[in-house]
file query28.txt (compact mmCIF, C-alpha atoms)
# COMPACT_ATOMS: atom_id res chain seq x y z
CA MET A 27 -31.18 48.98 179.41
CA PRO A 28 -34.92 48.79 180.25
CA VAL A 29 -36.79 51.98 181.03
CA GLU A 30 -37.91 52.06 184.66
CA VAL A 31 -38.96 55.71 185.10
CA ASP A 32 -41.77 57.74 183.52
CA LEU A 33 -42.40 61.23 184.90
CA HIS A 34 -45.24 62.31 182.59
CA LEU A 35 -48.53 60.38 182.58
CA HIS A 36 -52.23 61.27 182.33
CA THR A 37 -55.45 59.63 183.49
CA THR A 38 -59.19 60.09 183.04
CA LEU A 39 -59.06 62.80 185.71
CA SER A 40 -57.78 65.13 182.98
CA ASP A 41 -57.51 64.07 179.35
CA GLY A 42 -56.24 60.50 179.50
CA ARG A 43 -58.28 57.43 178.59
CA LEU A 44 -57.20 55.14 181.45
CA SER A 45 -58.39 55.45 185.03
CA PRO A 46 -55.66 55.84 187.67
CA THR A 47 -56.06 52.15 188.55
CA GLU A 48 -55.81 51.05 184.92
CA LEU A 49 -52.75 53.24 184.39
CA VAL A 50 -51.01 51.86 187.47
CA ARG A 51 -51.64 48.31 186.27
CA LEU A 52 -50.24 49.16 182.83
CA VAL A 53 -47.03 50.77 184.06
CA ALA A 54 -46.44 47.89 186.47
CA LYS A 55 -46.98 45.39 183.65
CA ASN A 56 -44.50 47.34 181.50
CA GLY A 57 -41.80 47.02 184.15
CA LEU A 58 -41.70 50.61 185.40
CA LYS A 59 -40.49 51.26 188.95
CA VAL A 60 -41.06 55.02 189.44
CA VAL A 61 -43.81 57.00 187.72
CA ALA A 62 -45.42 60.42 188.14
CA ILE A 63 -49.10 61.04 187.45
CA THR A 64 -49.29 64.56 186.04
CA ASP A 65 -52.89 65.35 185.15
CA HIS A 66 -53.74 68.83 183.90
CA ASP A 67 -54.67 71.23 186.72
CA ILE A 68 -55.96 68.42 188.94
CA THR A 69 -54.60 65.95 191.48
CA ASP A 70 -57.83 64.07 192.25
CA GLY A 71 -56.56 60.82 190.71
CA LEU A 72 -53.63 60.46 193.07
CA GLU A 73 -55.37 58.75 195.96
CA GLU A 74 -56.79 56.07 193.66
CA ALA A 75 -53.35 55.59 192.11
CA PHE A 76 -51.69 55.22 195.52
CA GLU A 77 -54.30 52.64 196.50
CA ALA A 78 -53.86 50.69 193.26
CA ALA A 79 -50.08 50.74 193.65
CA LYS A 80 -50.35 48.76 196.90
CA ALA A 81 -50.71 45.67 194.70
CA PHE A 82 -47.28 46.41 193.16
CA PRO A 83 -44.69 46.87 195.95
CA GLN A 84 -41.94 47.51 193.40
CA LEU A 85 -43.76 50.60 192.05
CA THR A 86 -43.43 54.14 193.43
CA ILE A 87 -46.01 56.78 192.49
CA ILE A 88 -44.83 60.41 192.55
CA PRO A 89 -47.60 62.98 193.07
CA GLY A 90 -47.52 65.35 190.13
CA VAL A 91 -49.45 67.91 188.09
CA GLU A 92 -49.15 69.66 184.72
CA LEU A 93 -49.96 73.37 184.53
CA SER A 94 -50.64 75.35 181.34
CA THR A 95 -48.99 78.77 181.34
CA ASP A 96 -48.53 81.59 178.86
CA ILE A 97 -45.67 83.68 177.53
CA PRO A 98 -45.96 86.02 174.53
CA GLY A 99 -46.51 83.86 171.45
CA ASN A 100 -46.29 80.53 173.26
CA GLU A 101 -48.04 78.22 175.68
CA VAL A 102 -45.63 76.68 178.17
CA HIS A 103 -46.49 73.61 180.21
CA MET A 104 -44.95 73.27 183.64
CA LEU A 105 -44.73 70.02 185.59
CA GLY A 106 -44.76 69.84 189.37
CA TYR A 107 -43.52 66.88 191.42
CA TYR A 108 -43.79 65.97 195.09
CA MET A 109 -45.91 69.03 195.99
CA ASP A 110 -47.98 69.14 199.16
CA TYR A 111 -50.93 68.72 196.82
CA LYS A 112 -53.52 68.77 199.59
CA GLY A 113 -52.63 72.32 200.59
CA ALA A 114 -55.57 74.76 200.56
CA ARG A 115 -53.88 77.46 198.46
CA PHE A 116 -52.55 74.96 195.95
CA GLN A 117 -55.96 73.35 195.48
CA ALA A 118 -57.77 76.69 195.30
CA THR A 119 -55.49 77.76 192.46
CA LEU A 120 -56.07 74.51 190.56
CA SER A 121 -59.83 74.85 191.05
CA ARG A 122 -59.83 78.34 189.58
CA PHE A 123 -58.00 77.20 186.47
CA ARG A 124 -60.25 74.19 186.01
CA GLU A 125 -63.25 76.52 186.00
CA GLY A 126 -61.51 78.50 183.27
CA ARG A 127 -61.16 75.32 181.21
CA VAL A 128 -64.95 74.83 181.23
CA GLY A 129 -65.68 78.34 180.00
CA ARG A 130 -63.03 78.06 177.30
CA ALA A 131 -64.40 74.70 176.14
CA GLN A 132 -67.92 76.10 175.85
CA GLU A 133 -66.64 78.98 173.74
CA MET A 134 -64.77 76.60 171.44
CA VAL A 135 -67.88 74.45 170.98
CA ARG A 136 -69.76 77.62 170.01
CA LYS A 137 -67.08 78.57 167.48
CA LEU A 138 -67.10 75.08 165.97
CA ALA A 139 -70.85 75.36 165.39
CA GLU A 140 -70.29 78.64 163.54
CA LEU A 141 -67.69 76.85 161.40
CA GLY A 142 -70.22 74.18 160.42
CA MET A 143 -68.82 71.50 162.75
CA PRO A 144 -71.38 71.32 165.56
CA VAL A 145 -70.86 69.00 168.53
CA GLU A 146 -73.16 68.64 171.51
CA TRP A 147 -71.86 70.17 174.74
CA GLU A 148 -73.54 67.36 176.66
CA ARG A 149 -71.44 64.83 174.74
CA VAL A 150 -68.22 66.71 175.53
CA VAL A 151 -69.15 66.57 179.22
CA GLN A 152 -69.88 62.84 178.94
CA ILE A 153 -66.49 62.18 177.31
CA ALA A 154 -64.73 64.14 180.06
CA GLY A 155 -66.51 62.06 182.69
CA GLU A 156 -65.07 62.73 186.13
CA GLY A 157 -62.09 64.54 184.65
CA THR A 158 -61.36 68.18 183.92
CA ILE A 159 -62.99 69.25 180.63
CA GLY A 160 -60.42 70.18 178.01
CA ARG A 161 -59.67 70.39 174.31
CA PRO A 162 -58.97 66.63 173.96
CA HIS A 163 -62.57 65.93 174.91
CA ILE A 164 -63.82 68.30 172.21
CA ALA A 165 -61.43 66.64 169.78
CA GLN A 166 -62.87 63.24 170.60
CA ALA A 167 -66.40 64.55 170.04
CA LEU A 168 -65.30 65.83 166.64
CA VAL A 169 -63.88 62.40 165.78
CA GLU A 170 -67.12 60.72 166.82
CA LYS A 171 -69.02 63.05 164.50
CA GLY A 172 -66.77 62.04 161.62
CA TYR A 173 -65.12 65.42 161.09
CA PHE A 174 -61.66 63.94 161.72
CA GLN A 175 -60.11 60.49 161.87
CA TYR A 176 -57.86 61.21 164.84
CA PRO A 177 -58.01 63.79 167.66
CA GLN A 178 -54.62 65.23 166.70
CA GLN A 179 -56.05 66.33 163.36
CA ALA A 180 -58.67 68.39 165.19
CA PHE A 181 -55.91 70.14 167.13
CA GLU A 182 -53.86 70.87 164.04
CA ARG A 183 -56.72 72.50 162.15
CA HIS A 184 -59.13 73.90 164.72
CA LEU A 185 -58.28 73.46 168.41
CA GLY A 186 -54.61 74.36 168.56
CA ARG A 187 -53.34 77.77 169.57
CA ASN A 188 -53.63 79.06 166.00
CA GLY A 189 -56.77 77.08 165.18
CA LEU A 190 -59.99 78.60 163.91
CA ALA A 191 -61.95 77.54 167.01
CA TYR A 192 -59.31 78.34 169.60
CA ALA A 193 -60.35 80.34 172.66
CA GLU A 194 -58.21 81.70 175.47
CA ARG A 195 -58.61 81.05 179.18
CA GLU A 196 -57.02 82.42 182.32
CA LYS A 197 -53.51 81.08 182.79
CA MET A 198 -50.50 81.73 184.95
CA THR A 199 -47.13 82.81 183.70
CA PRO A 200 -44.46 80.09 183.86
CA GLN A 201 -42.81 81.97 186.73
CA GLU A 202 -46.07 81.95 188.68
CA ALA A 203 -46.44 78.21 188.11
CA VAL A 204 -42.88 77.62 189.34
CA ARG A 205 -43.57 79.63 192.46
CA LEU A 206 -46.85 77.78 193.08
CA VAL A 207 -45.08 74.41 192.95
CA ARG A 208 -42.12 75.58 195.03
CA GLU A 209 -44.35 77.16 197.69
CA ALA A 210 -46.03 73.74 197.99
CA GLY A 211 -42.60 72.16 198.57
CA GLY A 212 -42.41 70.59 195.13
CA VAL A 213 -39.98 70.47 192.23
CA ALA A 214 -40.91 72.40 189.07
CA ALA A 215 -39.82 71.31 185.57
CA ILE A 216 -40.64 72.61 182.10
CA ALA A 217 -42.45 70.13 179.85
CA HIS A 218 -41.60 69.28 176.20
CA PRO A 219 -39.51 72.44 175.68
CA ALA A 220 -37.79 71.65 172.35
CA SER A 221 -40.01 73.84 170.15
CA LEU A 222 -40.05 76.90 172.40
CA PHE A 223 -38.73 80.05 170.76
CA GLY A 224 -35.93 81.63 172.77
CA LEU A 225 -35.47 78.53 174.90
CA VAL A 226 -32.16 79.69 176.39
CA ASN A 227 -33.72 82.86 177.77
CA VAL A 228 -36.82 81.01 178.99
CA LEU A 229 -34.71 78.49 180.88
CA ALA A 230 -32.59 81.21 182.47
CA GLN A 231 -35.65 83.13 183.63
CA LEU A 232 -37.38 80.06 185.04
CA LYS A 233 -34.21 78.84 186.73
CA GLN A 234 -34.05 82.22 188.49
CA ALA A 235 -37.70 81.79 189.54
CA GLY A 236 -36.87 78.44 191.17
CA MET A 237 -37.33 75.85 188.43
CA GLN A 238 -35.14 72.79 189.01
CA GLY A 239 -35.80 70.48 186.05
CA MET A 240 -36.63 70.23 182.36
CA GLU A 241 -37.85 67.45 180.12
CA VAL A 242 -35.06 65.89 178.08
CA HIS A 243 -36.04 62.21 177.83
CA TYR A 244 -39.38 62.96 176.20
CA ALA A 245 -40.75 60.04 174.23
CA GLU A 246 -41.53 62.00 171.07
CA TYR A 247 -38.01 63.44 170.78
CA ASP A 248 -35.35 61.86 168.60
CA GLY A 249 -31.76 61.32 169.68
CA PRO A 250 -30.30 64.62 168.42
CA THR A 251 -33.08 66.59 170.12
CA ARG A 252 -32.50 64.82 173.42
CA THR A 253 -28.76 65.44 173.11
CA ARG A 254 -29.35 69.16 172.50
CA LEU A 255 -31.72 69.44 175.45
CA ALA A 256 -29.38 67.47 177.71
CA GLY A 257 -26.69 70.04 176.97
CA ALA A 258 -29.06 72.87 177.85
CA ALA A 259 -29.99 71.12 181.10
CA ARG A 260 -26.32 70.82 182.07
CA ARG A 261 -25.58 74.44 181.29
CA HIS A 262 -28.48 75.65 183.41
CA GLY A 263 -28.03 73.15 186.23
CA LEU A 264 -31.44 71.55 185.63
CA LEU A 265 -32.42 67.94 186.32
CA PRO A 266 -33.07 66.13 182.98
CA CYS A 267 -36.58 64.69 183.41
CA GLY A 268 -38.96 63.12 180.90
CA GLY A 269 -41.45 60.41 180.08
CA SER A 270 -44.06 59.23 177.64
CA ASP A 271 -46.77 61.91 178.11
CA TYR A 272 -49.11 58.94 177.77
CA HIS A 273 -52.84 59.54 177.30
CA ALA A 274 -53.94 56.18 175.81
CA PHE A 275 -55.41 58.00 172.81
CA GLY A 276 -54.66 55.03 170.55
CA THR A 277 -53.37 57.27 167.77
CA PRO A 278 -50.78 55.87 165.32
CA GLY A 279 -47.30 55.99 166.79
CA GLU A 280 -48.39 56.88 170.33
CA ARG A 281 -45.54 56.09 172.68
CA LEU A 282 -46.27 53.78 175.61
CA PRO A 283 -45.03 53.99 179.18
CA GLY A 284 -41.67 52.26 179.15
CA ASP A 285 -40.73 53.28 175.60
CA LEU A 286 -38.47 56.10 176.75
CA GLY A 287 -37.70 57.81 180.02
CA PRO A 288 -34.96 59.19 182.25
CA PRO A 289 -32.57 56.94 184.16
CA MET A 290 -33.30 55.83 187.72
CA GLN A 291 -30.72 58.34 188.94
CA THR A 292 -33.06 61.12 187.84
CA ALA A 293 -35.81 59.74 190.06
CA VAL A 294 -33.38 59.50 192.98
CA ARG A 295 -32.20 63.07 192.48
CA LEU A 296 -35.78 64.30 192.08
CA ARG A 297 -36.69 62.90 195.47
CA GLU A 298 -33.60 64.49 197.02
CA LEU A 299 -34.57 67.89 195.63
CA ALA A 300 -38.11 67.48 196.92
CA LYS A 301 -36.88 66.60 200.40
CA ALA A 302 -34.65 69.67 200.43
CA ASN A 303 -37.50 71.89 199.22
CA ALA A 304 -39.82 70.55 201.93
CA LEU A 305 -37.22 71.26 204.59
CA VAL A 306 -36.87 74.84 203.37
CA ARG A 307 -40.63 75.32 203.77
CA ARG A 308 -40.62 74.32 207.44
CA PRO A 309 -40.96 77.23 209.89

call {"tool": "encode", "arguments": {"input": "query28.txt", "output": "structure tokens"}}
result
Amino acid sequence: MPVEVDLHLHTTLSDGRLSPTELVRLVAKNGLKVVAITDHDITDGLEEAFEAAKAFPQLTIIPGVELSTDIPGNEVHMLGYYMDYKGARFQATLSRFREGRVGRAQEMVRKLAELGMPVEWERVVQIAGEGTIGRPHIAQALVEKGYFQYPQQAFERHLGRNGLAYAEREKMTPQEAVRLVREAGGVAAIAHPASLFGLVNVLAQLKQAGMQGMEVHYAEYDGPTRTRLAGAARRHGLLPCGGSDYHAFGTPGERLPGDLGPPMQTAVRLRELAKANALVRRP
């Protein structure tokens, strides 16, 4: 059965390589019917995506976001769907965390220079373009300099959480991210959770905080992993979401929109949850 839903996509407004318009054209070409644009800590690409989608009446764009959060020993990414993303408090929070990304990136560039792998800050800014500066832009600068062949190698050795050039930035807890999304009338879901230590406890805590979904149909997961996560979703009463997490990096084996995703029923249920959440917010 063809994949028609992808709930995890990135554009040039964060760390993807395709503009919102280019991404919309690609997902439409690949036969998708419902997609969520989930850039990191920013929603500025949504209006362009909505405008581009007018050329494809069969395509529905869900407003989304991906938030980086911290728990002891782990970084947890939280996805938000159908939020009132224009709300002042929601946008102020995103702005604060984007500012933290810039400071963290500058510190990592400094550490790389000390490690004998200098890159120009100006080039990192150029690579980021109109998007939020992040580690993928530093990784691309390292590739351009010839230090690595692919960006993922830079993450594995230097930019990842345990990397030599890693630097911290201000983050929310997962519970705070869930509350932020829910207060904006959206649906919160945990992203790519398979490798999290103590997943059962994490899911229980976030469910209590108001989380309503978790990624199961994640493109990089094999069948047994998806089966295990689907069981966890059922036990905790969470909507099994998922998608490609597409960035258009062009790395070997990168999954494309349409390779794997949740069934259409997930998209239907996601919209129902969002409608219910929005009604709860009304005075």

call {"tool": "residues_near_point", "arguments": {"input": "query28.txt", "point": "(-42.9, 74.8, 179.4)", "cutoff": "7 Å", "atoms": "all atoms listed in the file", "output": "list of chain:residue names"}}
result
A:Val102, A:His103, A:Met104, A:Ile216, A:Ala217, A:His218, A:Pro219

call {"tool": "atom_distance", "arguments": {"input": "query28.txt", "atom1": "CA of Gly276 (chain A)", "atom2": "CA of Val145 (chain A)"}}
result
21.5 Å

call {"tool": "atom_distance", "arguments": {"input": "query28.txt", "atom1": "CA of Gly99 (chain A)", "atom2": "CA of Glu194 (chain A)"}}
result
12.6 Å

call {"tool": "closest_residue", "arguments": {"input": "query28.txt", "among": "A:Pro200, A:Gly172, A:Gly42, A:Pro177", "to": "Ile97 (chain A)", "atoms": "all atoms listed in the file"}}
result
A:Pro200

call {"tool": "residues_around", "arguments": {"input": "query28.txt", "residues": "Tyr247 (chain A)", "least_positions_apart": "5", "cutoff": "12 Å", "atoms": "all atoms listed in the file", "output": "ChimeraX atom specification"}}
result
/A:218-221,241-242,252-256,268-271,281,285-287

call {"tool": "closest_residue", "arguments": {"input": "query28.txt", "among": "A:Glu209, A:Ala81, A:Pro288, A:Val31", "to": "Leu305 (chain A)", "atoms": "all atoms listed in the file"}}
result
A:Glu209

call {"tool": "closest_residue", "arguments": {"input": "query28.txt", "among": "A:Leu120, A:Met290, A:Ala304, A:Ala62", "to": "Glu196 (chain A)", "atoms": "all atoms listed in the file"}}
result
A:Leu120

call {"tool": "residues_around", "arguments": {"input": "query28.txt", "residues": "Thr86 (chain A)", "least_positions_apart": "2", "cutoff": "10 Å", "atoms": "only C-alpha atoms", "output": "number ranges by chain"}}
result
A: 31, 50, 54, 58-62, 76, 79-80, 82-84, 88-89

call {"tool": "write_last_selection", "arguments": {"input": "query28.txt", "atoms": "C-alpha atoms", "output": "PDB file, keeping the file's coordinate frame"}}
result
ATOM      1  CA  VAL A  31     -38.960  55.710 185.100  1.00  0.00           C
ATOM      2  CA  VAL A  50     -51.010  51.860 187.470  1.00  0.00           C
ATOM      3  CA  ALA A  54     -46.440  47.890 186.470  1.00  0.00           C
ATOM      4  CA  LEU A  58     -41.700  50.610 185.400  1.00  0.00           C
ATOM      5  CA  LYS A  59     -40.490  51.260 188.950  1.00  0.00           C
ATOM      6  CA  VAL A  60     -41.060  55.020 189.440  1.00  0.00           C
ATOM      7  CA  VAL A  61     -43.810  57.000 187.720  1.00  0.00           C
ATOM      8  CA  ALA A  62     -45.420  60.420 188.140  1.00  0.00           C
ATOM      9  CA  PHE A  76     -51.690  55.220 195.520  1.00  0.00           C
ATOM     10  CA  ALA A  79     -50.080  50.740 193.650  1.00  0.00           C
ATOM     11  CA  LYS A  80     -50.350  48.760 196.900  1.00  0.00           C
ATOM     12  CA  PHE A  82     -47.280  46.410 193.160  1.00  0.00           C
ATOM     13  CA  PRO A  83     -44.690  46.870 195.950  1.00  0.00           C
ATOM     14  CA  GLN A  84     -41.940  47.510 193.400  1.00  0.00           C
ATOM     15  CA  ILE A  88     -44.830  60.410 192.550  1.00  0.00           C
ATOM     16  CA  PRO A  89     -47.600  62.980 193.070  1.00  0.00           C
TER      17      PRO A  89
END

call {"tool": "closest_residue", "arguments": {"input": "query28.txt", "among": "A:Gly129, A:Glu156, A:Val169, A:Ile68", "to": "Pro144 (chain A)", "atoms": "only C-alpha atoms"}}
result
A:Val169

call {"tool": "atom_distance", "arguments": {"input": "query28.txt", "atom1": "CA of His34 (chain A)", "atom2": "CA of Leu222 (chain A)"}}
result
18.5 Å

call {"tool": "closest_residue", "arguments": {"input": "query28.txt", "among": "A:Glu73, A:Arg43, A:Glu92, A:Arg122", "to": "Gln166 (chain A)", "atoms": "all atoms listed in the file"}}
result
A:Arg43

call {"tool": "closest_residue", "arguments": {"input": "query28.txt", "among": "A:Ala300, A:Ala235, A:Leu282, A:Met240", "to": "Gly211 (chain A)", "atoms": "only C-alpha atoms"}}
result
A:Ala300

call {"tool": "residues_around", "arguments": {"input": "query28.txt", "residues": "Gln132 (chain A)", "least_positions_apart": "3", "cutoff": "12 Å", "atoms": "all atoms listed in the file", "output": "list in words"}}
result
Glu125, Gly126, Arg127, Val128, Gly129, Val135, Arg136, Lys137, Leu138, Ala139, Pro144, Val145, Glu146, Trp147, Glu148, Arg149, Val150, Val151, Ile159, Gly160, Arg161, His163, Ile164, Ala191, Tyr192, Ala193, Glu194 and Arg195 of chain A

call {"tool": "residues_around", "arguments": {"input": "query28.txt", "residues": "His273 (chain A)", "least_positions_apart": "6", "cutoff": "8 Å", "atoms": "all atoms listed in the file", "output": "CSV table (one decimal) with C-alpha atoms, in the coordinates of the input"}}
result
chain,number,residue,atom,x,y,z
A,35,LEU,CA,-48.5,60.4,182.6
A,36,HIS,CA,-52.2,61.3,182.3
A,37,THR,CA,-55.4,59.6,183.5
A,41,ASP,CA,-57.5,64.1,179.4
A,42,GLY,CA,-56.2,60.5,179.5
A,43,ARG,CA,-58.3,57.4,178.6
A,44,LEU,CA,-57.2,55.1,181.4

call {"tool": "residues_around", "arguments": {"input": "query28.txt", "residues": "Gly90 (chain A)", "least_positions_apart": "5", "cutoff": "9 Å", "atoms": "all atoms listed in the file", "output": "PyMOL selection string"}}
result
chain A and resi 33-34+62-65+69+72+105-109+111+212
